[in-house]
$ cat work.cif   # mmCIF, C-alpha atoms
data_input
loop_
_atom_site.label_atom_id
_atom_site.label_comp_id
_atom_site.auth_asym_id
_atom_site.auth_seq_id
_atom_site.Cartn_x
_atom_site.Cartn_y
_atom_site.Cartn_z
CA MET A 1 -23.76 54.60 14.66
CA SER A 2 -20.24 53.54 13.78
CA GLU A 3 -19.37 49.88 13.38
CA PRO A 4 -17.77 48.27 16.44
CA VAL A 5 -14.18 47.10 16.24
CA PHE A 6 -14.31 43.38 15.60
CA GLY A 7 -10.68 42.82 14.60
CA ASP A 8 -9.89 40.24 11.95
CA MET A 9 -9.41 36.51 11.81
CA SER A 10 -5.94 36.85 13.35
CA GLY A 11 -7.55 36.20 16.71
CA MET A 12 -8.65 32.80 15.42
CA ALA A 13 -6.18 32.07 12.62
CA LYS A 14 -3.27 33.46 10.69
CA ALA A 15 -0.85 32.37 8.01
CA SER A 16 2.72 33.41 8.76
CA MET A 17 5.41 33.46 6.08
CA ASP A 18 9.14 33.31 6.81
CA TRP A 19 11.05 35.35 4.22
CA ARG A 20 14.33 33.69 5.21
CA ARG A 21 12.94 30.29 4.25
CA LEU A 22 11.80 31.57 0.87
CA ALA A 23 15.21 33.13 0.22
CA HIS A 24 16.84 29.85 1.26
CA ASN A 25 14.67 27.93 -1.22
CA VAL A 26 15.56 30.29 -4.07
CA GLU A 27 19.24 29.76 -3.34
CA ALA A 28 18.86 25.99 -2.96
CA LEU A 29 17.12 25.73 -6.34
CA ALA A 30 19.60 28.06 -8.03
CA ALA A 31 22.39 25.73 -6.88
CA LEU A 32 20.86 22.94 -9.00
CA THR A 33 21.29 24.71 -12.32
CA GLU A 34 23.37 27.16 -14.30
CA ALA A 35 20.21 28.70 -15.75
CA PRO A 36 18.62 31.80 -14.19
CA LEU A 37 15.35 31.40 -12.29
CA MET A 38 11.94 32.77 -13.18
CA ALA A 39 10.21 32.64 -9.79
CA MET A 40 6.55 31.79 -10.26
CA VAL A 41 4.49 34.05 -8.00
CA LYS A 42 1.15 33.44 -9.67
CA ALA A 43 -2.00 32.77 -7.63
CA ASP A 44 -0.84 35.29 -5.02
CA ALA A 45 2.48 33.41 -4.78
CA TYR A 46 0.69 30.11 -4.16
CA GLY A 47 -1.33 31.75 -1.41
CA HIS A 48 1.65 33.34 0.34
CA GLY A 49 1.31 36.93 -0.92
CA ALA A 50 2.60 37.94 -4.34
CA VAL A 51 4.22 41.27 -3.55
CA PRO A 52 6.37 40.23 -0.58
CA ALA A 53 7.21 36.91 -2.24
CA ALA A 54 8.25 38.66 -5.46
CA ARG A 55 10.48 41.03 -3.53
CA VAL A 56 12.15 38.25 -1.55
CA CYS A 57 12.69 36.10 -4.66
CA ALA A 58 14.23 38.98 -6.59
CA GLU A 59 16.50 39.91 -3.69
CA ALA A 60 17.55 36.26 -3.32
CA GLY A 61 18.66 36.10 -6.95
CA ALA A 62 15.67 35.25 -9.14
CA ALA A 63 16.22 36.91 -12.51
CA ARG A 64 12.56 37.02 -13.56
CA LEU A 65 9.07 36.66 -12.15
CA GLY A 66 6.17 34.71 -13.60
CA VAL A 67 2.45 35.22 -13.06
CA ALA A 68 -0.74 34.06 -14.73
CA SER A 69 -2.92 37.14 -15.17
CA LEU A 70 -2.50 40.58 -16.66
CA ARG A 71 -3.57 42.17 -13.38
CA GLU A 72 -0.86 40.32 -11.47
CA ALA A 73 1.80 41.46 -13.92
CA TRP A 74 0.58 45.07 -14.03
CA ARG A 75 0.60 45.34 -10.24
CA LEU A 76 4.13 43.98 -9.92
CA ARG A 77 5.42 46.25 -12.67
CA ARG A 78 4.22 49.29 -10.70
CA LEU A 79 6.59 48.52 -7.81
CA ALA A 80 9.67 50.70 -8.02
CA ASP A 81 11.93 48.17 -6.29
CA LEU A 82 11.08 45.54 -8.94
CA ALA A 83 11.48 47.87 -11.90
CA GLU A 84 14.56 45.98 -13.14
CA THR A 85 13.01 42.51 -12.77
CA PRO A 86 11.12 41.27 -15.85
CA VAL A 87 7.63 39.90 -15.23
CA MET A 88 5.82 37.53 -17.60
CA ALA A 89 2.04 36.96 -17.67
CA PHE A 90 0.70 34.13 -19.78
CA LEU A 91 -3.01 33.53 -19.21
CA TYR A 92 -5.54 35.85 -20.85
CA THR A 93 -8.01 35.89 -23.70
CA PRO A 94 -7.34 37.76 -26.96
CA GLU A 95 -10.26 40.14 -26.37
CA GLN A 96 -9.45 40.78 -22.71
CA PRO A 97 -9.18 44.44 -21.65
CA GLY A 98 -5.86 45.60 -20.26
CA LEU A 99 -3.45 44.19 -22.84
CA ALA A 100 -2.21 47.60 -23.95
CA GLU A 101 -1.88 48.81 -20.36
CA THR A 102 0.10 45.70 -19.41
CA ILE A 103 2.44 46.28 -22.34
CA GLU A 104 2.81 49.96 -21.39
CA ALA A 105 3.74 48.86 -17.87
CA GLY A 106 6.64 46.89 -19.31
CA ALA A 107 5.36 43.39 -18.58
CA GLU A 108 6.23 40.53 -20.90
CA LEU A 109 3.48 38.34 -22.34
CA GLY A 110 3.38 34.64 -23.06
CA ILE A 111 1.58 33.97 -26.34
CA SER A 112 -0.19 30.64 -26.85
CA SER A 113 -2.21 31.08 -30.03
CA LEU A 114 -2.32 32.84 -33.38
CA ALA A 115 -5.31 34.84 -32.17
CA GLY A 116 -3.38 35.84 -29.06
CA LEU A 117 -0.43 36.93 -31.19
CA ALA A 118 -2.64 39.15 -33.34
CA ALA A 119 -4.30 40.65 -30.25
CA VAL A 120 -0.97 41.42 -28.59
CA ALA A 121 0.40 43.00 -31.77
CA ALA A 122 -2.68 45.22 -32.03
CA ALA A 123 -2.44 46.14 -28.35
CA ALA A 124 1.23 47.05 -28.82
CA GLU A 125 0.26 49.44 -31.58
CA ARG A 126 -2.24 51.09 -29.23
CA ALA A 127 0.38 51.25 -26.51
CA GLY A 128 2.92 52.79 -28.87
CA THR A 129 5.67 50.36 -27.83
CA PRO A 130 6.65 46.85 -28.90
CA ALA A 131 5.33 44.00 -26.78
CA ARG A 132 7.99 41.77 -25.28
CA VAL A 133 6.69 38.26 -25.89
CA HIS A 134 7.43 34.62 -25.12
CA LEU A 135 6.11 32.31 -27.85
CA LYS A 136 4.64 29.08 -26.47
CA GLY A 137 4.41 25.79 -28.28
CA ASP A 138 2.26 22.93 -27.05
CA THR A 139 4.72 20.04 -26.89
CA GLY A 140 2.34 17.52 -25.36
CA ILE A 141 0.53 18.84 -22.30
CA SER A 142 -2.42 19.62 -24.60
CA ARG A 143 -3.24 22.75 -22.66
CA GLY A 144 -1.87 26.22 -23.44
CA GLY A 145 0.41 26.66 -26.43
CA VAL A 146 0.20 26.50 -30.21
CA ALA A 147 -0.38 23.00 -31.63
CA GLU A 148 2.43 21.56 -33.72
CA HIS A 149 0.54 21.70 -37.02
CA GLU A 150 0.39 25.52 -36.60
CA TRP A 151 4.01 26.12 -35.59
CA GLU A 152 5.16 27.20 -39.02
CA ALA A 153 2.30 29.67 -39.46
CA PHE A 154 2.78 30.91 -35.88
CA ALA A 155 6.50 31.50 -36.42
CA GLU A 156 5.95 33.29 -39.72
CA ALA A 157 3.26 35.52 -38.23
CA ALA A 158 5.52 36.36 -35.29
CA ALA A 159 8.35 37.21 -37.67
CA LYS A 160 6.07 39.59 -39.58
CA HIS A 161 4.91 41.33 -36.40
CA ARG A 162 8.51 41.64 -35.27
CA ALA A 163 9.50 43.16 -38.61
CA ALA A 164 6.64 45.63 -38.27
CA GLY A 165 7.93 46.69 -34.86
CA ALA A 166 4.92 45.35 -32.93
CA ILE A 167 6.73 42.69 -30.90
CA ASP A 168 10.14 41.75 -29.59
CA VAL A 169 10.55 37.98 -29.28
CA VAL A 170 12.13 37.55 -25.86
CA GLY A 171 11.41 33.89 -25.21
CA ALA A 172 10.29 30.53 -26.50
CA TRP A 173 8.72 28.14 -24.05
CA SER A 174 6.56 25.16 -23.29
CA HIS A 175 5.37 23.22 -20.25
CA LEU A 176 5.86 19.60 -19.19
CA ALA A 177 3.00 17.29 -18.29
CA CYS A 178 4.82 14.51 -16.41
CA ALA A 179 8.06 16.01 -15.12
CA ASP A 180 7.38 14.73 -11.61
CA GLU A 181 7.40 11.14 -12.92
CA ILE A 182 11.02 10.28 -13.65
CA GLY A 183 11.31 8.09 -16.71
CA HIS A 184 7.81 8.79 -18.00
CA PRO A 185 7.87 8.47 -21.80
CA ALA A 186 6.07 11.79 -22.21
CA ASN A 187 9.13 13.62 -20.92
CA GLY A 188 11.40 12.47 -23.74
CA MET A 189 8.66 13.07 -26.28
CA GLN A 190 8.13 16.62 -25.05
CA LYS A 191 11.83 17.45 -25.04
CA ALA A 192 12.08 16.30 -28.65
CA ALA A 193 8.96 18.31 -29.55
CA PHE A 194 10.41 21.41 -27.92
CA GLU A 195 13.49 21.11 -30.10
CA ARG A 196 11.20 20.95 -33.16
CA PHE A 197 9.37 24.03 -31.96
CA LEU A 198 12.66 25.92 -31.58
CA ALA A 199 13.65 24.78 -35.06
CA ALA A 200 10.36 26.10 -36.48
CA LEU A 201 11.02 29.48 -34.90
CA GLY A 202 14.59 29.46 -36.20
CA ALA A 203 13.40 28.69 -39.73
CA ALA A 204 11.39 31.93 -39.59
CA GLY A 205 14.46 33.86 -38.49
CA LEU A 206 13.46 34.08 -34.82
CA GLU A 207 16.16 33.65 -32.19
CA PRO A 208 14.62 34.12 -28.72
CA GLU A 209 16.82 35.44 -25.93
CA VAL A 210 15.65 32.73 -23.52
CA ARG A 211 14.31 29.22 -24.04
CA HIS A 212 12.46 27.75 -21.06
CA LEU A 213 10.78 24.44 -20.38
CA ALA A 214 11.52 23.32 -16.80
CA ASN A 215 9.05 23.64 -13.94
CA SER A 216 9.96 22.73 -10.34
CA ALA A 217 10.01 18.99 -11.01
CA ALA A 218 12.13 19.26 -14.15
CA LEU A 219 14.49 21.70 -12.49
CA ILE A 220 15.12 19.10 -9.79
CA ALA A 221 15.04 15.93 -11.89
CA ASP A 222 16.10 16.68 -15.47
CA PRO A 223 19.01 19.01 -16.31
CA GLU A 224 18.34 18.50 -20.03
CA THR A 225 15.27 20.72 -19.67
CA HIS A 226 17.04 23.70 -18.13
CA TYR A 227 17.98 25.59 -21.32
CA ASP A 228 18.34 29.33 -20.62
CA LEU A 229 15.77 29.72 -17.83
CA VAL A 230 13.91 27.56 -15.31
CA ARG A 231 10.50 28.26 -13.76
CA PRO A 232 10.20 26.92 -10.20
CA GLY A 233 6.82 27.22 -8.56
CA ILE A 234 5.83 24.93 -5.69
CA ALA A 235 9.47 24.20 -4.81
CA LEU A 236 10.00 27.86 -3.97
CA TYR A 237 7.49 27.52 -1.17
CA GLY A 238 9.17 24.48 0.35
CA TYR A 239 7.61 21.42 -1.29
CA ASN A 240 9.52 18.98 -3.48
CA PRO A 241 7.41 17.47 -6.30
CA VAL A 242 10.07 14.78 -6.82
CA PRO A 243 10.68 13.58 -3.25
CA ARG A 244 12.92 10.71 -4.34
CA ILE A 245 15.54 13.37 -5.16
CA PRO A 246 16.40 15.17 -1.91
CA VAL A 247 16.61 18.97 -2.02
CA ASP A 248 17.05 21.15 1.06
CA LEU A 249 13.74 23.00 0.87
CA LYS A 250 11.97 24.63 3.80
CA PRO A 251 8.19 25.23 4.03
CA VAL A 252 7.60 28.98 3.97
CA MET A 253 4.10 29.10 5.45
CA GLU A 254 2.76 28.23 8.87
CA LEU A 255 -1.01 28.14 9.34
CA ARG A 256 -2.20 28.42 12.92
CA SER A 257 -5.50 28.79 14.73
CA SER A 258 -6.56 28.49 18.36
CA VAL A 259 -9.06 26.53 20.37
CA ALA A 260 -12.44 28.25 20.61
CA ALA A 261 -14.08 25.89 23.11
CA VAL A 262 -13.54 22.60 24.98
CA LYS A 263 -16.07 20.15 26.38
CA ARG A 264 -16.27 16.63 27.80
CA LEU A 265 -18.42 14.13 25.89
CA PRO A 266 -19.36 10.53 26.71
CA ALA A 267 -18.39 7.45 24.74
CA GLY A 268 -20.64 6.82 21.76
CA THR A 269 -21.28 10.49 21.02
CA GLY A 270 -21.56 11.22 17.30
CA ILE A 271 -19.35 14.05 16.05
CA SER A 272 -20.15 16.63 13.36
CA TYR A 273 -22.35 16.27 10.27
CA GLY A 274 -23.53 12.77 9.47
CA HIS A 275 -22.07 11.34 12.67
CA THR A 276 -19.34 9.71 10.58
CA ARG A 277 -17.30 9.35 13.77
CA HIS A 278 -18.39 8.30 17.26
CA LEU A 279 -16.24 8.63 20.35
CA GLU A 280 -14.80 5.30 21.45
CA ARG A 281 -14.49 6.49 25.04
CA ASP A 282 -15.28 9.49 27.21
CA SER A 283 -13.16 12.31 25.81
CA ASN A 284 -12.45 16.00 25.86
CA VAL A 285 -12.95 17.59 22.45
CA ALA A 286 -11.77 20.97 21.16
CA LEU A 287 -13.51 23.18 18.65
CA VAL A 288 -11.20 24.93 16.15
CA PRO A 289 -12.75 27.90 14.27
CA LEU A 290 -11.47 27.15 10.77
CA GLY A 291 -13.13 25.15 8.02
CA TYR A 292 -13.32 24.51 4.31
CA ALA A 293 -14.31 28.16 3.69
CA ASP A 294 -10.79 28.94 4.92
CA GLY A 295 -9.13 26.21 2.86
CA VAL A 296 -9.16 23.32 5.34
CA PRO A 297 -10.19 20.60 2.87
CA ARG A 298 -13.39 18.71 3.69
CA ALA A 299 -11.92 15.77 1.78
CA ALA A 300 -9.40 15.34 4.62
CA SER A 301 -12.18 14.52 7.08
CA GLY A 302 -11.49 11.33 8.99
CA ARG A 303 -7.76 11.41 8.26
CA ALA A 304 -6.43 14.86 9.17
CA GLU A 305 -4.38 15.72 12.23
CA VAL A 306 -3.33 18.98 13.85
CA TYR A 307 -0.62 19.82 16.36
CA LEU A 308 -2.17 20.84 19.64
CA ALA A 309 -0.81 20.88 23.21
CA GLY A 310 2.46 19.15 22.44
CA ARG A 311 1.49 16.48 19.95
CA ARG A 312 -0.50 15.59 16.88
CA ARG A 313 -4.16 14.94 17.49
CA PRO A 314 -6.86 13.57 15.16
CA VAL A 315 -9.61 15.67 13.63
CA LEU A 316 -12.93 14.04 14.51
CA GLY A 317 -15.71 13.66 11.97
CA ARG A 318 -16.39 15.92 9.05
CA ILE A 319 -14.62 19.24 8.58
CA CYS A 320 -17.30 21.93 8.34
CA MET A 321 -17.42 25.27 6.57
CA ASP A 322 -16.12 27.26 9.53
CA GLN A 323 -14.96 24.75 12.14
CA PHE A 324 -13.78 21.29 13.03
CA VAL A 325 -13.45 19.14 16.15
CA VAL A 326 -10.24 17.66 17.61
CA ASP A 327 -9.95 14.67 19.94
CA LEU A 328 -8.08 15.53 23.16
CA GLY A 329 -8.62 12.25 24.98
CA ASP A 330 -8.27 12.98 28.69
CA ASP A 331 -5.93 15.93 28.22
CA ALA A 332 -7.06 19.27 29.60
CA VAL A 333 -6.72 22.15 27.13
CA ALA A 334 -8.00 25.67 27.64
CA PRO A 335 -9.67 27.88 25.06
CA GLY A 336 -7.08 29.98 23.28
CA GLU A 337 -4.54 27.13 23.08
CA PRO A 338 -2.60 27.38 19.78
CA VAL A 339 -3.40 24.87 17.01
CA VAL A 340 -0.91 24.27 14.19
CA LEU A 341 -2.45 23.08 10.93
CA ILE A 342 0.61 23.67 8.74
CA GLY A 343 3.94 24.17 10.45
CA ALA A 344 7.67 23.94 10.06
CA GLY A 345 8.40 21.97 13.22
CA GLU A 346 9.48 18.34 13.20
CA HIS A 347 6.13 17.08 14.49
CA HIS A 348 3.90 19.59 12.73
CA PRO A 349 1.67 18.63 9.81
CA ASP A 350 2.62 20.30 6.53
CA ALA A 351 0.98 20.83 3.14
CA ASP A 352 2.27 17.44 1.97
CA ASP A 353 0.37 15.82 4.83
CA TRP A 354 -2.82 17.70 4.04
CA SER A 355 -2.53 16.85 0.35
CA ALA A 356 -2.19 13.15 1.24
CA TRP A 357 -5.21 13.31 3.56
CA ALA A 358 -7.30 15.16 0.96
CA GLY A 359 -6.10 13.24 -2.12
CA THR A 360 -4.59 16.26 -3.85
CA ILE A 361 -1.28 18.14 -4.12
CA PRO A 362 0.31 20.76 -1.84
CA ASN A 363 -0.22 23.40 -4.53
CA GLU A 364 -3.99 23.13 -4.02
CA ILE A 365 -3.70 23.16 -0.24
CA LEU A 366 -1.60 26.34 -0.19
CA THR A 367 -3.54 28.26 -2.83
CA GLY A 368 -6.82 27.23 -1.24
CA ILE A 369 -6.25 29.00 2.07
CA GLY A 370 -9.07 31.51 2.10
CA ALA A 371 -9.22 35.26 2.17
CA ARG A 372 -10.58 35.25 5.74
CA VAL A 373 -7.15 34.11 6.96
CA PRO A 374 -4.80 37.10 7.26
CA ARG A 375 -1.26 36.73 5.94
CA TYR A 376 1.78 38.01 7.80
CA TRP A 377 5.40 38.14 6.71
CA ASN A 378 8.07 38.30 9.36
CA ARG A 379 9.76 41.19 7.62
CA GLY A 380 8.64 44.75 6.83
CA VAL A 381 7.20 44.04 3.38
CA GLU A 382 3.63 44.47 2.25
#
$ encode --input "work.cif" --output "structure tokens"
Amino acid sequence: MSEPVFGDMSGMAKASMDWRRLAHNVEALAALTEAPLMAMVKADAYGHGAVPAARVCAEAGAARLGVASLREAWRLRRLADLAETPVMAFLYTPEQPGLAETIEAGAELGISSLAGLAAVAAAAERAGTPARVHLKGDTGISRGGVAEHEWEAFAEAAAKHRAAGAIDVVGAWSHLACADEIGHPANGMQKAAFERFLAALGAAGLEPEVRHLANSAALIADPETHYDLVRPGIALYGYNPVPRIPVDLKPVMELRSSVAAVKRLPAGTGISYGHTRHLERDSNVALVPLGYADGVPRAASGRAEVYLAGRRRPVLGRICMDQFVVDLGDDAVAPGEPVVLIGAGEHHPDADDWSAWAGTIPNEILTGIGARVPRYWNRGVE
């Protein structure tokens, strides 16, 4: 017996992306700098869809694309319409399979350790072509990147691999820890450290084509970090990490659901797990079939709002795995009524709102939207 046609979650929820808004954001960010943009489309373009986002960013003027994993880079490099757009991947382990295949595909690799450098050089030999690499120094985020006491050895090893034909040094880069905090002392310290890292590379005879340090926040707030390339991430998708500096950014994603059921409940009724909320008066309540399995953060329980039937309305009680309850008061709403969780309208909640309610950042809200929610772009890209 064949499986019945059930459809997908689009009947209950969908995430819609506006390519014109993404293109607008690329252009708005490019206007802030003379440096080319590396559009960060890692984590499935912050939950928006990596392939369509990469295409829109490239068409809007982004010179390069950035991803985290080898798989992400390999997949983008296989797209004929992005063949002329360099793609950098930066997060992998030295023993990870796929290094040689990623190099063969023409992707560039960020290198954050001596072991990683050796692994990439060996993979390039297997691939039969030099690896195009971006050497990363840890200038103070204490995460990825070579520690300062190893910079000299790192630079000398890279110079040897370049002389042997195993690598081409395309870039030198680092990442900022506190760029969204204007005036934080770490910013000045990291900029000075980056200059020392560049000097260490220069002492070994390495002159990278591009030097890059700025993320979204630094692109907006600190022109001294722009160098030869900037790497916007969250700002591409419409969210400003330095809100005190206005930038004309437009949210790219709208997340919508619909009402599954409505019922009238008396005052005093406890709502959802733990009865953390009781109705203060007789009210109509709506059930919305989305929950934390779909990326609606449980931590926003008791604070979140959605846009339903012409205005914002509070989410009642705890957000569950697959559903949550909305207070309608005395308003009559029918099943099937649209519910906007993240929208672009003046009165709609957005990812900044959800991050405030959940005590996090919009990056986590957007990337956390689950696989059960289908994505749609309002242009013919896949």
$ residues_around --input "work.cif" --residues "range 208-224 of chain A" --least-positions-apart "2" --cutoff "8 Å" --atoms "only C-alpha atoms" --output "PyMOL selection string"
chain A and resi 29+32-33+169-176+179-180+182+206+226-235+240-242+245+247
$ resolve_selection --input "work.cif" --expression "the PyMOL selection byres ((chain A and resi 256) around 7)" --output "ChimeraX atom specification"
/A:13-15,254-255,257-258,338-342
$ closest_residue --input "work.cif" --among "A:Glu148, A:Asp18, A:Asp327, A:Glu27" --to "Ala344 in chain A" --atoms "all atoms listed in the file"
A:Asp18
$ closest_residue --input "work.cif" --among "A:Gly47, A:Leu328, A:Ala54, A:Leu76" --to "Gly295 in chain A" --atoms "all atoms listed in the file"
A:Gly47
$ resolve_selection --input "work.cif" --expression "the PyMOL selection byres ((chain A and resi 83) around 12)" --output "list of chain:residue names"
A:Ala54, A:Arg55, A:Ala58, A:Ala63, A:Arg64, A:Leu65, A:Ala73, A:Trp74, A:Arg75, A:Leu76, A:Arg77, A:Arg78, A:Leu79, A:Ala80, A:Asp81, A:Leu82, A:Glu84, A:Thr85, A:Pro86, A:Val87, A:Ala105, A:Gly106, A:Ala107
$ atom_distance --input "work.cif" --atom1 "CA of Pro243 in chain A" --atom2 "CA of Asp352 in chain A"
10.6 Å
$ resolve_selection --input "work.cif" --expression "the PyMOL selection byres ((chain A and resi 166) around 10)" --output "ChimeraX atom specification"
/A:118,120-132,158,160-165,167-169
$ write_last_selection --input "work.cif" --atoms "C-alpha atoms" --output "short mmCIF file (atom, residue, chain, number, x, y, z; two decimals), keeping the file's coordinate frame"
data_model
loop_
_atom_site.label_atom_id
_atom_site.label_comp_id
_atom_site.auth_asym_id
_atom_site.auth_seq_id
_atom_site.Cartn_x
_atom_site.Cartn_y
_atom_site.Cartn_z
CA ALA A 118 -2.64 39.15 -33.34
CA VAL A 120 -0.97 41.42 -28.59
CA ALA A 121 0.40 43.00 -31.77
CA ALA A 122 -2.68 45.22 -32.03
CA ALA A 123 -2.44 46.14 -28.35
CA ALA A 124 1.23 47.05 -28.82
CA GLU A 125 0.26 49.44 -31.58
CA ARG A 126 -2.24 51.09 -29.23
CA ALA A 127 0.38 51.25 -26.51
CA GLY A 128 2.92 52.79 -28.87
CA THR A 129 5.67 50.36 -27.83
CA PRO A 130 6.65 46.85 -28.90
CA ALA A 131 5.33 44.00 -26.78
CA ARG A 132 7.99 41.77 -25.28
CA ALA A 158 5.52 36.36 -35.29
CA LYS A 160 6.07 39.59 -39.58
CA HIS A 161 4.91 41.33 -36.40
CA ARG A 162 8.51 41.64 -35.27
CA ALA A 163 9.50 43.16 -38.61
CA ALA A 164 6.64 45.63 -38.27
CA GLY A 165 7.93 46.69 -34.86
CA ILE A 167 6.73 42.69 -30.90
CA ASP A 168 10.14 41.75 -29.59
CA VAL A 169 10.55 37.98 -29.28
#
$ closest_residue --input "work.cif" --among "A:Leu117, A:Met253, A:Ala68, A:Leu316" --to "Leu366 in chain A" --atoms "all atoms listed in the file"
A:Met253
$ atom_distance --input "work.cif" --atom1 "CA of Met17 in chain A" --atom2 "CA of Met321 in chain A"
24.3 Å
$ atom_distance --input "work.cif" --atom1 "CA of Lys250 in chain A" --atom2 "CA of Val26 in chain A"
10.3 Å
$ closest_residue --input "work.cif" --among "A:Pro185, A:Pro52, A:Gly310, A:Gly270" --to "His348 in chain A" --atoms "only C-alpha atoms"
A:Gly310
$ closest_residue --input "work.cif" --among "A:Leu22, A:Ala43, A:Met12, A:Ala177" --to "Arg143 in chain A" --atoms "only C-alpha atoms"
A:Ala177
$ axis_aligned_box --input "work.cif" --around "range 209-214 of chain A" --padding-each-side "8 Å" --output "AutoDock Vina command-line options"
--center_x 13.8 --center_y 29.4 --center_z -21.4 --size_x 22.0 --size_y 28.1 --size_z 25.1
$ closest_residue --input "work.cif" --among "A:Ala260, A:Asp294, A:Glu34, A:Glu364" --to "Glu337 in chain A" --atoms "all atoms listed in the file"
A:Ala260
$ residues_near_point --input "work.cif" --point "(-15.7, 5.3, 27.7)" --cutoff "12 Å" --atoms "only C-alpha atoms" --output "compact mmCIF listing (two decimals) with C-alpha atoms, keeping the file's coordinate frame"
# COMPACT_ATOMS: atom_id res chain seq x y z
CA ARG A 264 -16.27 16.63 27.80
CA LEU A 265 -18.42 14.13 25.89
CA PRO A 266 -19.36 10.53 26.71
CA ALA A 267 -18.39 7.45 24.74
CA GLY A 268 -20.64 6.82 21.76
CA THR A 269 -21.28 10.49 21.02
CA HIS A 278 -18.39 8.30 17.26
CA LEU A 279 -16.24 8.63 20.35
CA GLU A 280 -14.80 5.30 21.45
CA ARG A 281 -14.49 6.49 25.04
CA ASP A 282 -15.28 9.49 27.21
CA SER A 283 -13.16 12.31 25.81
CA ASN A 284 -12.45 16.00 25.86
CA GLY A 329 -8.62 12.25 24.98
CA ASP A 330 -8.27 12.98 28.69
$ build_atoms --input "work.cif" --residues "range 171-175 of chain A" --atoms "all heavy atoms" --output "compact mmCIF listing (two decimals), keeping the file's coordinate frame"
# COMPACT_ATOMS: atom_id res chain seq x y z
N GLY A 171 11.29 35.28 -25.64
CA GLY A 171 11.41 33.89 -25.21
C GLY A 171 10.63 32.92 -26.07
O GLY A 171 9.73 33.29 -26.82
N ALA A 172 11.03 31.66 -25.95
CA ALA A 172 10.29 30.53 -26.50
C ALA A 172 10.14 29.52 -25.37
O ALA A 172 11.11 29.23 -24.66
CB ALA A 172 11.04 29.91 -27.67
N TRP A 173 8.94 28.98 -25.22
CA TRP A 173 8.72 28.14 -24.05
C TRP A 173 7.64 27.11 -24.26
O TRP A 173 6.90 27.14 -25.26
CB TRP A 173 8.40 29.00 -22.83
CG TRP A 173 7.09 29.76 -22.86
CD1 TRP A 173 6.66 30.65 -23.80
CD2 TRP A 173 6.05 29.67 -21.88
NE1 TRP A 173 5.44 31.16 -23.45
CE2 TRP A 173 5.04 30.58 -22.28
CE3 TRP A 173 5.90 28.96 -20.70
CZ2 TRP A 173 3.87 30.75 -21.54
CZ3 TRP A 173 4.73 29.14 -19.96
CH2 TRP A 173 3.73 30.04 -20.39
N SER A 174 7.61 26.16 -23.34
CA SER A 174 6.56 25.16 -23.29
C SER A 174 6.46 24.67 -21.85
O SER A 174 7.16 25.18 -20.97
CB SER A 174 6.86 24.01 -24.25
OG SER A 174 5.73 23.14 -24.37
N HIS A 175 5.58 23.71 -21.61
CA HIS A 175 5.37 23.22 -20.25
C HIS A 175 5.25 21.70 -20.28
O HIS A 175 4.65 21.13 -21.21
CB HIS A 175 4.10 23.84 -19.66
CG HIS A 175 3.99 23.68 -18.17
ND1 HIS A 175 4.86 24.27 -17.30
CD2 HIS A 175 3.10 22.98 -17.41
CE1 HIS A 175 4.52 23.96 -16.05
NE2 HIS A 175 3.45 23.17 -16.10
